[in-house]
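So this block is model15.cif, mmCIF, C-alpha atoms and all ligand atoms:
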```
data_work
loop_
_atom_site.label_atom_id
_atom_site.label_comp_id
_atom_site.auth_asym_id
_atom_site.auth_seq_id
_atom_site.Cartn_x
_atom_site.Cartn_y
_atom_site.Cartn_z
CA MET T 22 99.51 116.75 107.36
CA THR T 23 102.39 114.39 106.59
CA SER T 24 105.13 115.38 104.13
CA LYS T 25 104.97 111.86 102.69
CA THR T 26 103.31 112.27 99.30
CA ILE T 27 102.39 108.57 99.02
CA LEU T 28 100.47 108.71 102.33
CA ARG T 29 98.73 111.88 101.16
CA ALA T 30 97.58 110.21 97.94
CA LEU T 31 96.40 107.19 99.92
CA ALA T 32 94.44 109.53 102.19
CA GLY T 33 92.60 110.77 99.10
CA GLU T 34 94.52 113.94 98.29
CA THR T 35 94.79 115.13 94.68
CA GLN T 36 98.35 116.35 94.02
CA ALA T 37 99.69 118.41 91.10
CA VAL T 38 102.65 116.03 90.80
CA PRO T 39 101.68 112.43 91.56
CA PRO T 40 104.09 110.58 93.85
CA ALA T 41 105.93 107.80 92.03
CA TRP T 42 107.58 104.43 92.57
CA LEU T 43 107.97 101.37 90.33
CA MET T 44 107.08 97.74 90.88
CA ARG T 45 110.33 95.70 91.01
CA GLN T 46 112.29 98.93 91.36
CA ALA T 47 114.99 96.92 93.17
CA GLY T 48 116.01 94.41 90.54
CA ARG T 49 118.20 93.10 87.81
CA TYR T 50 118.05 96.21 85.58
CA LEU T 51 120.34 97.86 88.19
CA PRO T 52 124.05 96.91 88.18
CA GLU T 53 124.28 97.62 91.93
CA TYR T 54 121.44 95.11 92.54
CA LYS T 55 123.30 92.45 90.57
CA ALA T 56 126.45 93.13 92.60
CA THR T 57 124.65 92.78 95.95
CA ARG T 58 122.81 89.69 94.76
CA ALA T 59 126.15 88.13 93.78
CA GLN T 60 127.47 88.98 97.23
CA ALA T 61 124.47 87.22 98.81
CA GLY T 62 125.04 84.17 96.60
CA ASP T 63 121.45 83.60 95.50
CA PHE T 64 118.07 85.29 95.49
CA LEU T 65 116.66 83.62 98.63
CA SER T 66 119.82 84.36 100.64
CA LEU T 67 119.40 87.98 99.57
CA CYS T 68 115.78 87.95 100.83
CA TYR T 69 116.82 86.44 104.19
CA THR T 70 119.93 88.57 104.88
CA PRO T 71 118.49 91.76 106.43
CA ASP T 72 121.51 94.03 105.78
CA LEU T 73 121.66 93.05 102.10
CA ALA T 74 117.87 93.06 101.57
CA ALA T 75 117.77 96.55 103.09
CA GLU T 76 120.68 97.60 100.87
CA VAL T 77 118.93 96.57 97.63
CA THR T 78 115.71 98.23 98.82
CA LEU T 79 117.63 101.49 99.32
CA GLN T 80 119.58 101.38 96.02
CA PRO T 81 116.75 102.69 93.78
CA ILE T 82 115.85 105.31 96.41
CA ARG T 83 119.41 106.68 96.37
CA ARG T 84 119.69 106.54 92.60
CA PHE T 85 116.27 107.93 91.63
CA GLY T 86 114.60 109.48 94.70
CA PHE T 87 111.34 107.51 94.43
CA ASP T 88 108.56 108.54 96.83
CA ALA T 89 108.19 104.98 98.15
CA ALA T 90 110.49 102.09 98.93
CA ILE T 91 109.09 98.57 98.72
CA LEU T 92 110.51 96.01 101.10
CA PHE T 93 112.79 93.58 99.26
CA ALA T 94 111.36 90.09 99.69
CA ASP T 95 109.12 87.78 97.64
CA ILE T 96 105.52 86.60 97.75
CA LEU T 97 106.77 82.99 97.80
CA LEU T 98 108.42 83.33 101.22
CA VAL T 99 105.00 82.66 102.79
CA PRO T 100 104.62 79.19 101.20
CA GLN T 101 108.18 78.46 102.30
CA ALA T 102 107.34 79.57 105.86
CA LEU T 103 104.34 77.21 105.73
CA GLY T 104 106.71 74.35 104.97
CA ALA T 105 106.84 74.19 101.15
CA ASP T 106 110.26 73.60 99.60
CA LEU T 107 111.23 76.65 97.51
CA TRP T 108 114.09 77.28 95.12
CA PHE T 109 114.72 79.49 92.10
CA VAL T 110 116.03 78.17 88.78
CA THR T 111 118.15 80.87 87.11
CA GLY T 112 116.53 82.11 83.94
CA GLU T 113 113.34 80.14 84.61
CA GLY T 114 111.76 81.23 87.89
CA PRO T 115 110.50 79.71 91.11
CA ARG T 116 110.01 76.02 91.91
CA LEU T 117 108.10 74.70 94.93
CA SER T 118 107.00 71.32 96.23
CA THR T 119 103.41 70.87 94.98
CA ILE T 120 100.05 70.48 96.72
CA ASP T 121 98.44 67.57 94.90
CA GLY T 122 96.25 66.08 97.60
CA GLN T 123 95.22 66.08 101.25
CA ALA T 124 98.51 64.58 102.44
CA ASP T 125 100.51 67.51 101.00
CA PHE T 126 98.19 69.94 102.76
CA ASP T 127 98.37 68.04 106.05
CA ALA T 128 102.18 68.29 105.94
CA LEU T 129 102.07 72.11 105.96
CA LYS T 130 103.00 73.95 109.14
CA PRO T 131 100.49 75.85 111.28
CA VAL T 132 100.21 79.62 110.81
CA GLY T 133 101.92 80.29 114.15
CA ALA T 134 105.13 78.74 112.81
CA ILE T 135 105.67 81.24 109.96
CA HIS T 136 107.66 83.75 112.01
CA ASP T 137 110.45 81.18 112.52
CA THR T 138 111.21 81.55 108.79
CA LEU T 139 110.07 85.14 108.21
CA SER T 140 111.67 86.97 111.14
CA PRO T 141 114.66 88.15 109.00
CA VAL T 142 112.13 89.99 106.80
CA TYR T 143 110.86 91.89 109.84
CA GLU T 144 114.49 92.74 110.64
CA THR T 145 114.87 94.19 107.12
CA VAL T 146 111.79 96.36 107.71
CA LYS T 147 113.28 97.64 110.98
CA ILE T 148 116.54 98.60 109.29
CA LEU T 149 114.64 100.37 106.50
CA SER T 150 112.42 102.34 108.82
CA ARG T 151 115.60 103.71 110.44
CA GLU T 152 117.51 104.38 107.23
CA LEU T 153 114.99 105.67 104.69
CA PRO T 154 114.82 109.43 104.00
CA SER T 155 112.08 111.07 106.07
CA ASP T 156 109.85 111.76 103.05
CA THR T 157 110.03 108.21 101.63
CA THR T 158 107.17 105.85 102.48
CA LEU T 159 107.96 102.22 103.31
CA ILE T 160 105.62 99.71 101.65
CA GLY T 161 105.40 96.13 102.92
CA PHE T 162 103.71 93.45 100.84
CA ALA T 163 102.47 89.91 100.42
CA GLY T 164 100.90 87.87 97.67
CA ALA T 165 97.12 87.56 97.71
CA PRO T 166 95.92 84.04 98.60
CA TRP T 167 94.75 83.04 95.10
CA THR T 168 98.07 83.99 93.48
CA VAL T 169 100.10 82.30 96.23
CA ALA T 170 97.88 79.19 95.94
CA THR T 171 98.53 78.99 92.17
CA TYR T 172 102.28 78.64 92.85
CA MET T 173 101.82 76.23 95.79
CA ILE T 174 99.56 73.92 93.80
CA ALA T 175 101.51 73.88 90.52
CA GLY T 176 104.95 74.16 92.10
CA ARG T 177 105.89 76.84 89.60
CA GLY T 178 104.54 79.73 87.54
CA THR T 179 102.05 78.57 84.90
CA PRO T 180 100.67 80.49 81.90
CA ASP T 181 97.02 79.71 82.68
CA GLN T 182 97.06 78.55 86.34
CA ALA T 183 95.41 75.30 85.18
CA PRO T 184 96.51 73.12 88.15
CA ALA T 185 95.03 75.60 90.65
CA HIS T 186 91.79 75.84 88.66
CA ALA T 187 91.60 72.05 88.55
CA LEU T 188 91.93 71.78 92.34
CA ARG T 189 89.51 74.68 92.89
CA THR T 190 86.76 72.96 90.91
CA GLY T 191 87.76 69.33 91.53
CA ASN T 192 88.41 69.37 95.29
CA PRO T 193 86.91 72.60 96.66
CA ALA T 194 87.18 71.45 100.30
CA LEU T 195 90.94 71.01 100.01
CA PHE T 196 91.32 74.16 97.93
CA ASP T 197 89.35 76.22 100.46
CA ALA T 198 91.42 74.81 103.34
CA LEU T 199 94.58 75.89 101.52
CA MET T 200 93.15 79.35 100.80
CA ASP T 201 92.27 79.70 104.51
CA ARG T 202 95.76 78.73 105.63
CA ILE T 203 97.36 81.23 103.25
CA THR T 204 94.88 83.97 104.23
CA GLU T 205 95.59 83.56 107.93
CA ALA T 206 99.35 83.39 107.36
CA THR T 207 99.17 86.55 105.25
CA ILE T 208 97.37 88.44 108.03
CA GLU T 209 100.06 87.46 110.54
CA TYR T 210 102.90 88.19 108.11
CA LEU T 211 101.65 91.64 107.11
CA SER T 212 100.77 92.51 110.68
CA ALA T 213 104.35 91.69 111.73
CA GLN T 214 105.68 93.88 108.89
CA VAL T 215 103.53 96.78 110.16
CA GLU T 216 104.73 96.24 113.73
CA ALA T 217 108.31 96.38 112.40
CA GLY T 218 107.68 99.70 110.62
CA ALA T 219 105.91 99.19 107.27
CA GLU T 220 103.65 102.23 106.72
CA VAL T 221 101.53 100.83 103.88
CA VAL T 222 100.93 97.27 102.72
CA LYS T 223 100.26 96.03 99.20
CA LEU T 224 98.55 92.77 98.23
CA PHE T 225 99.73 91.37 94.89
CA ASP T 226 97.06 89.27 93.15
CA SER T 227 99.04 88.80 89.95
CA TRP T 228 96.74 86.05 88.62
CA ALA T 229 93.37 87.56 89.67
CA GLY T 230 92.55 87.98 85.98
CA SER T 231 92.41 84.23 85.42
CA LEU T 232 89.50 83.76 87.85
CA PRO T 233 86.17 83.42 86.04
CA ALA T 234 83.52 85.98 87.00
CA ASP T 235 81.63 83.49 89.21
CA ALA T 236 84.77 82.72 91.27
CA PHE T 237 86.17 86.27 91.48
CA GLU T 238 84.09 87.24 94.51
CA THR T 239 85.01 84.08 96.45
CA TYR T 240 88.72 83.88 95.63
CA ALA T 241 89.85 87.44 94.89
CA ILE T 242 87.49 89.78 96.74
CA ALA T 243 86.62 87.80 99.89
CA PRO T 244 90.21 86.88 100.91
CA ALA T 245 91.39 90.45 100.29
CA ARG T 246 88.50 91.78 102.39
CA ARG T 247 89.32 89.35 105.20
CA ILE T 248 93.00 90.35 105.21
CA ILE T 249 92.33 94.08 104.99
CA THR T 250 89.62 93.99 107.68
CA ALA T 251 91.88 92.08 110.08
CA LEU T 252 94.84 94.40 109.43
CA LYS T 253 92.80 97.56 109.90
CA ASP T 254 91.31 96.17 113.13
CA ARG T 255 94.80 95.67 114.50
CA HIS T 256 96.39 98.75 112.95
CA PRO T 257 93.72 101.47 112.65
CA GLY T 258 94.36 103.81 109.73
CA LEU T 259 96.80 101.48 107.95
CA PRO T 260 96.61 102.24 104.19
CA VAL T 261 96.34 99.24 101.87
CA ILE T 262 96.99 98.99 98.13
CA ALA T 263 95.35 96.08 96.30
CA PHE T 264 96.54 94.85 92.90
CA PRO T 265 94.01 92.47 91.32
CA ARG T 266 96.02 92.32 88.10
CA GLU T 267 94.04 91.98 84.87
CA ALA T 268 90.73 92.06 86.74
CA GLY T 269 89.24 94.02 83.81
CA PRO T 270 85.69 95.23 84.59
CA ALA T 271 86.02 93.74 88.11
CA TYR T 272 88.40 96.60 89.00
CA GLU T 273 85.20 98.61 89.43
CA GLY T 274 84.00 98.33 93.03
CA PHE T 275 87.10 96.40 94.16
CA ALA T 276 88.21 99.08 96.64
CA LYS T 277 84.77 99.35 98.22
CA ALA T 278 84.26 95.58 98.36
CA THR T 279 87.63 94.88 100.00
CA GLY T 280 88.28 98.04 102.03
CA ALA T 281 91.45 98.85 100.06
CA ASP T 282 92.50 102.52 100.01
CA CYS T 283 94.00 102.26 96.54
CA VAL T 284 93.67 99.94 93.59
CA ALA T 285 96.70 99.34 91.36
CA LEU T 286 95.87 99.14 87.65
CA ASP T 287 97.69 96.97 85.14
CA ASN T 288 98.55 98.51 81.77
CA SER T 289 95.65 96.87 79.93
CA VAL T 290 93.25 99.26 81.71
CA ASP T 291 92.13 102.33 79.76
CA ALA T 292 92.80 105.46 81.80
CA ALA T 293 89.58 107.26 80.85
CA TRP T 294 87.57 104.17 81.89
CA ALA T 295 89.53 103.91 85.16
CA VAL T 296 88.92 107.57 86.01
CA ALA T 297 85.16 107.08 85.64
CA HIS T 298 84.87 103.62 87.19
CA VAL T 299 87.73 103.18 89.69
CA GLN T 300 89.19 106.56 90.68
CA LYS T 301 85.67 107.77 91.55
CA ASP T 302 86.03 105.60 94.70
CA GLY T 303 89.52 106.78 95.68
CA CYS T 304 93.21 106.54 94.91
CA VAL T 305 94.48 104.59 91.92
CA GLN T 306 98.03 103.50 91.13
CA GLY T 307 99.51 102.89 87.70
CA ASN T 308 99.66 102.18 84.89
CA LEU T 309 102.48 102.77 82.37
CA ASP T 310 103.43 99.86 80.10
CA PRO T 311 106.74 98.44 81.46
CA LYS T 312 107.96 97.93 77.87
CA LEU T 313 108.41 101.70 77.60
CA MET T 314 111.14 101.45 80.24
CA VAL T 315 113.06 99.38 77.70
CA THR T 316 112.32 101.41 74.56
CA GLY T 317 112.30 104.90 76.13
CA GLY T 318 112.41 107.97 73.90
CA GLN T 319 109.65 110.46 73.18
CA GLN T 320 107.03 107.70 73.41
CA LEU T 321 107.92 107.15 77.08
CA ILE T 322 107.66 110.87 77.80
CA ASP T 323 104.34 111.23 75.95
CA GLU T 324 102.78 108.19 77.62
CA ALA T 325 103.92 109.27 81.10
CA LYS T 326 102.43 112.74 80.58
CA ARG T 327 99.23 111.29 79.16
CA ILE T 328 98.72 109.02 82.20
CA LYS T 329 99.57 111.81 84.63
CA ALA T 330 97.05 114.13 82.91
CA ALA T 331 94.34 111.46 82.71
CA PHE T 332 94.42 110.82 86.49
CA SER T 333 95.11 114.44 87.52
CA GLY T 334 91.56 115.05 88.76
CA GLY T 335 91.87 112.68 91.72
CA PRO T 336 94.30 110.85 93.98
CA HIS T 337 96.95 109.03 91.92
CA ILE T 338 100.24 107.24 92.57
CA PHE T 339 102.31 106.94 89.41
CA ASN T 340 103.64 103.43 88.71
CA LEU T 341 103.97 100.87 85.96
CA GLY T 342 101.22 98.39 85.13
CA HIS T 343 103.54 95.52 86.14
CA GLY T 344 107.17 95.13 87.24
CA ILE T 345 110.10 96.78 85.51
CA THR T 346 111.99 94.14 83.51
CA PRO T 347 115.71 93.20 83.63
CA ASP T 348 116.26 94.63 80.11
CA ALA T 349 115.02 98.13 81.13
CA ASP T 350 117.49 101.01 80.83
CA PRO T 351 118.02 102.71 84.24
CA GLU T 352 118.40 106.05 82.42
CA ASN T 353 114.76 105.72 81.31
CA VAL T 354 113.73 105.94 84.98
CA ASN T 355 115.27 109.43 85.10
CA VAL T 356 113.49 110.32 81.86
CA LEU T 357 110.18 109.09 83.33
CA LEU T 358 110.55 110.96 86.62
CA GLU T 359 111.55 114.15 84.80
CA ALA T 360 108.46 113.81 82.54
CA ILE T 361 106.04 113.51 85.46
CA ARG T 362 107.75 115.93 87.86
CA SER T 363 108.33 118.79 85.39
O1 LIG N 1 111.26 95.75 94.12
C1 LIG N 1 110.21 95.14 94.41
O2 LIG N 1 109.16 95.22 93.74
C2 LIG N 1 110.17 94.36 95.72
C3 LIG N 1 110.48 92.99 95.68
C4 LIG N 1 109.56 91.98 94.99
C5 LIG N 1 110.09 90.84 94.36
N1 LIG N 1 109.04 90.03 93.99
C6 LIG N 1 111.52 90.55 94.17
C7 LIG N 1 111.94 89.59 93.13
C8 LIG N 1 108.18 91.89 94.92
C9 LIG N 1 107.12 92.88 95.38
C10 LIG N 1 107.86 90.65 94.29
C11 LIG N 1 106.49 90.17 94.08
C12 LIG N 1 106.27 88.91 93.35
N2 LIG N 1 107.05 87.80 93.35
C13 LIG N 1 105.13 88.64 92.58
C14 LIG N 1 103.95 89.57 92.42
C15 LIG N 1 104.18 90.66 91.43
C16 LIG N 1 104.29 90.19 90.01
O3 LIG N 1 105.42 90.31 89.48
O4 LIG N 1 103.29 89.75 89.45
C17 LIG N 1 105.25 87.35 92.06
C18 LIG N 1 104.27 86.65 91.16
C19 LIG N 1 106.48 86.81 92.56
C20 LIG N 1 107.03 85.45 92.34
C21 LIG N 1 108.32 85.49 91.63
N3 LIG N 1 109.50 85.95 92.17
C22 LIG N 1 108.57 85.09 90.30
C23 LIG N 1 107.53 84.52 89.35
C24 LIG N 1 109.93 85.31 90.07
C25 LIG N 1 110.70 84.94 88.82
C26 LIG N 1 110.47 85.90 87.73
C27 LIG N 1 111.56 86.93 87.70
O5 LIG N 1 111.23 88.13 87.58
O6 LIG N 1 112.72 86.52 87.80
C28 LIG N 1 110.49 85.90 91.22
C29 LIG N 1 111.89 86.33 91.42
C30 LIG N 1 112.11 87.72 91.92
N4 LIG N 1 111.41 88.34 92.91
C31 LIG N 1 113.15 88.59 91.49
C32 LIG N 1 113.04 89.77 92.25
C33 LIG N 1 113.95 90.97 92.21
C34 LIG N 1 114.22 88.25 90.48
C35 LIG N 1 115.17 87.34 91.17
C36 LIG N 1 116.60 87.50 90.79
O7 LIG N 1 117.28 88.46 91.25
O8 LIG N 1 117.07 86.62 90.07
#
```
With the file now loaded, output its structure as structure tokens.
Ligand code: CP3
Amino acid sequence: MTSKTILRALAGETQAVPPAWLMRQAGRYLPEYKATRAQAGDFLSLCYTPDLAAEVTLQPIRRFGFDAAILFADILLVPQALGADLWFVTGEGPRLSTIDGQADFDALKPVGAIHDTLSPVYETVKILSRELPSDTTLIGFAGAPWTVATYMIAGRGTPDQAPAHALRTGNPALFDALMDRITEATIEYLSAQVEAGAEVVKLFDSWAGSLPADAFETYAIAPARRIITALKDRHPGLPVIAFPREAGPAYEGFAKATGADCVALDNSVDAAWAVAHVQKDGCVQGNLDPKLMVTGGQQLIDEAKRIKAAFSGGPHIFNLGHGITPDADPENVNVLLEAIRS
């Protein structure tokens, strides 16, 4: 049996102390991240400079001793590799060229071309698999097709994903062609990460919760199933974490329907409900409110212990319900880890 606690949880083992890592654990709440990012010049240069991307991935491991490291990259590198223009506006977020009609889709590159852009990411994975401590699991990741499509269509983050919904209902043939292209690119991208040394992969479907019930099967479940099936065919035994954020009742059955080994829960999900309806099928990850990493104090300790206790009867990976924010206090990470490890 492996000494890697994350792999043990993903294999279905119940552990007295759940292994822990945090979404966005490499990020702007850490002064050392800001220093390396400044050295890189900008966020995308950081993503595409393997030595620096590996360095920021390792920073939270050195500082806190998390059980997993997540590759430093971004879900929007795939659209860029497919030919979309991508840039980040400081303080606002990502901007991309939009997909408004057939001509924009026809201008995208074929799936086989993505490695030209993404090969530095695989180099980062190789460095990390050499340099990580032997008990730290390396997680690779990609965005799920629906979430990636929402950014490609709108050209930016949107509160309600309205442009993507409009294309989905107004021009389903074009929308489905885009979803297919992203799905196939995601399979090739994640497969290359695994070949470079990623031990687990995670699919981030940050906007899954905006899909109406009658579209959830087609655009959240089916693409995840296709990606997971293809990856497990090529890499037997590869563990996969799926994060259909804000899926609500649709969290139930998601692991079985997609083949995921673990479902990550956002912080709107009630733990008692999740134990009965999600953890019954296997490992769950989550789901502390990221705001507590800002406010800290006894409330952070109590909530961490409550979540640990709630999921203690089955396989559990401790995490937040969404990414840690730039205003979080790094000292609260130590408080959190002490609360769940003591
Ligand atoms: O530490 C980690 O979790 C690994 C790296 C990682 C990043 N983005 C780095 C990043 C991961 C796993 C992601 C995933 C990601 N990226 C998602 C899915 C998860 C989620 O948060 O819902 C999404 C939707 C994106 C797209 C994206 N990237 C947005 C909307 C933004 C701007 C918002 C923000 O937080 O600034 C980014 C930028 C981004 N990606 C940063 C980081 C560390 C901040 C960039 C900076 O340093 O200025």
Quick one: distance from atom C35 of ligand LIG 1 (chain N) to CA of Leu232 in chain T in Å, one decimal? 26.1 Å
Return as an NGL selection string the residues of protein, DNA or RNA that approach ligand LIG 1 (chain N) to within 9 Å, with all atoms listed in the file taken into account. :T and (43-49 or 54-55 or 58 or 63-65 or 67-68 or 77-78 or 81 or 90-97 or 109-115 or 161-165 or 168-169 or 172 or 177-178 or 223-228 or 264 or 266 or 343-347)
Could you dump the residues just selected with C-alpha atoms as a JSON list (two decimals), keeping the file's coordinate frame?
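Contents of selection-v5.json, freshly written:
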```json
[["chain", "number", "residue", "atom", "x", "y", "z"],
["T", 43, "LEU", "CA", 107.97, 101.37, 90.33],
["T", 44, "MET", "CA", 107.08, 97.74, 90.88],
["T", 45, "ARG", "CA", 110.33, 95.70, 91.01],
["T", 46, "GLN", "CA", 112.29, 98.93, 91.36],
["T", 47, "ALA", "CA", 114.99, 96.92, 93.17],
["T", 48, "GLY", "CA", 116.01, 94.41, 90.54],
["T", 49, "ARG", "CA", 118.20, 93.10, 87.81],
["T", 54, "TYR", "CA", 121.44, 95.11, 92.54],
["T", 55, "LYS", "CA", 123.30, 92.45, 90.57],
["T", 58, "ARG", "CA", 122.81, 89.69, 94.76],
["T", 63, "ASP", "CA", 121.45, 83.60, 95.50],
["T", 64, "PHE", "CA", 118.07, 85.29, 95.49],
["T", 65, "LEU", "CA", 116.66, 83.62, 98.63],
["T", 67, "LEU", "CA", 119.40, 87.98, 99.57],
["T", 68, "CYS", "CA", 115.78, 87.95, 100.83],
["T", 77, "VAL", "CA", 118.93, 96.57, 97.63],
["T", 78, "THR", "CA", 115.71, 98.23, 98.82],
["T", 81, "PRO", "CA", 116.75, 102.69, 93.78],
["T", 90, "ALA", "CA", 110.49, 102.09, 98.93],
["T", 91, "ILE", "CA", 109.09, 98.57, 98.72],
["T", 92, "LEU", "CA", 110.51, 96.01, 101.10],
["T", 93, "PHE", "CA", 112.79, 93.58, 99.26],
["T", 94, "ALA", "CA", 111.36, 90.09, 99.69],
["T", 95, "ASP", "CA", 109.12, 87.78, 97.64],
["T", 96, "ILE", "CA", 105.52, 86.60, 97.75],
["T", 97, "LEU", "CA", 106.77, 82.99, 97.80],
["T", 109, "PHE", "CA", 114.72, 79.49, 92.10],
["T", 110, "VAL", "CA", 116.03, 78.17, 88.78],
["T", 111, "THR", "CA", 118.15, 80.87, 87.11],
["T", 112, "GLY", "CA", 116.53, 82.11, 83.94],
["T", 113, "GLU", "CA", 113.34, 80.14, 84.61],
["T", 114, "GLY", "CA", 111.76, 81.23, 87.89],
["T", 115, "PRO", "CA", 110.50, 79.71, 91.11],
["T", 161, "GLY", "CA", 105.40, 96.13, 102.92],
["T", 162, "PHE", "CA", 103.71, 93.45, 100.84],
["T", 163, "ALA", "CA", 102.47, 89.91, 100.42],
["T", 164, "GLY", "CA", 100.90, 87.87, 97.67],
["T", 165, "ALA", "CA", 97.12, 87.56, 97.71],
["T", 168, "THR", "CA", 98.07, 83.99, 93.48],
["T", 169, "VAL", "CA", 100.10, 82.30, 96.23],
["T", 172, "TYR", "CA", 102.28, 78.64, 92.85],
["T", 177, "ARG", "CA", 105.89, 76.84, 89.60],
["T", 178, "GLY", "CA", 104.54, 79.73, 87.54],
["T", 223, "LYS", "CA", 100.26, 96.03, 99.20],
["T", 224, "LEU", "CA", 98.55, 92.77, 98.23],
["T", 225, "PHE", "CA", 99.73, 91.37, 94.89],
["T", 226, "ASP", "CA", 97.06, 89.27, 93.15],
["T", 227, "SER", "CA", 99.04, 88.80, 89.95],
["T", 228, "TRP", "CA", 96.74, 86.05, 88.62],
["T", 264, "PHE", "CA", 96.54, 94.85, 92.90],
["T", 266, "ARG", "CA", 96.02, 92.32, 88.10],
["T", 343, "HIS", "CA", 103.54, 95.52, 86.14],
["T", 344, "GLY", "CA", 107.17, 95.13, 87.24],
["T", 345, "ILE", "CA", 110.10, 96.78, 85.51],
["T", 346, "THR", "CA", 111.99, 94.14, 83.51],
["T", 347, "PRO", "CA", 115.71, 93.20, 83.63]]
```
What is the CA of Ala206 in chain T to CA of Leu98 in chain T distance in Å?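 Separation of CA of Ala206 in chain T and CA of Leu98 in chain T: 11.0 Å.
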Gap from CA of Lys301 in chain T to CA of Arg29 in chain T - Å, one decimal: 16.7 Å
Pick the closest to Gln182 in chain T from T:Ser155, T:Ser231, T:Thr119, T:Thr207: which is it, counting all atoms listed in the file?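 Between T:Ser155, T:Ser231, T:Thr119, T:Thr207, the residue approaching Gln182 in chain T most closely is T:Ser231.
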Where is the centre and how long are the edges: axis-aligned box on range 185-201 of chain T, 6 Å on each side, Å to one decimal, as JSON:
```
{"center_x": 90.9, "center_y": 74.5, "center_z": 96.5, "size_x": 20.3, "size_y": 22.4, "size_z": 28.0}
```
Identify which of the residues T:Asp282, T:Glu267, T:Glu273, T:Asp181 lies closest to Thr250 in chain T, counting all atoms listed in the file when measuring atom-to-atom distances.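 Once distances to Thr250 in chain T are computed over all atoms listed in the file, the minimum belongs to T:Asp282.
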Of the residues T:Asp137, T:Glu359, T:Asp127, T:Asp348, which is the one nearest to Gln101 in chain T, using only C-alpha atoms?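 Answer, going by the shortest atom-to-atom distance: T:Asp137.
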For Leu195 in chain T, the nearest of the candidates T:Asp254, T:Glu324, T:Asp310, T:Asp121, counting only C-alpha atoms: T:Asp121
Which residues, written as a list in words, have at least one atom at most 7 Å from range 314-320 of chain T, with all atoms listed in the file counted and residues fewer than 6 positions away on the same chain left out? Asp348, Ala349, Asp350 and Asn353 of chain T
Set the distance at 7 Å and use all atoms listed in the file: which residues neighbour Pro244 in chain T once local chain neighbours fewer than 3 positions away are removed? I'd like the list as a count of residues only. 6
With distances taken over only C-alpha atoms, which residue among T:Ala37, T:Ile338, T:Ile322, T:Ala134 lies nearest Val305 in chain T?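 Comparing T:Ala37, T:Ile338, T:Ile322, T:Ala134 against Val305 in chain T, the winner is T:Ile338.
Closest to Phe126 in chain T among T:Ala74, T:Val142, T:Ala105, T:Ala183 is T:Ala105, based on only C-alpha atoms.
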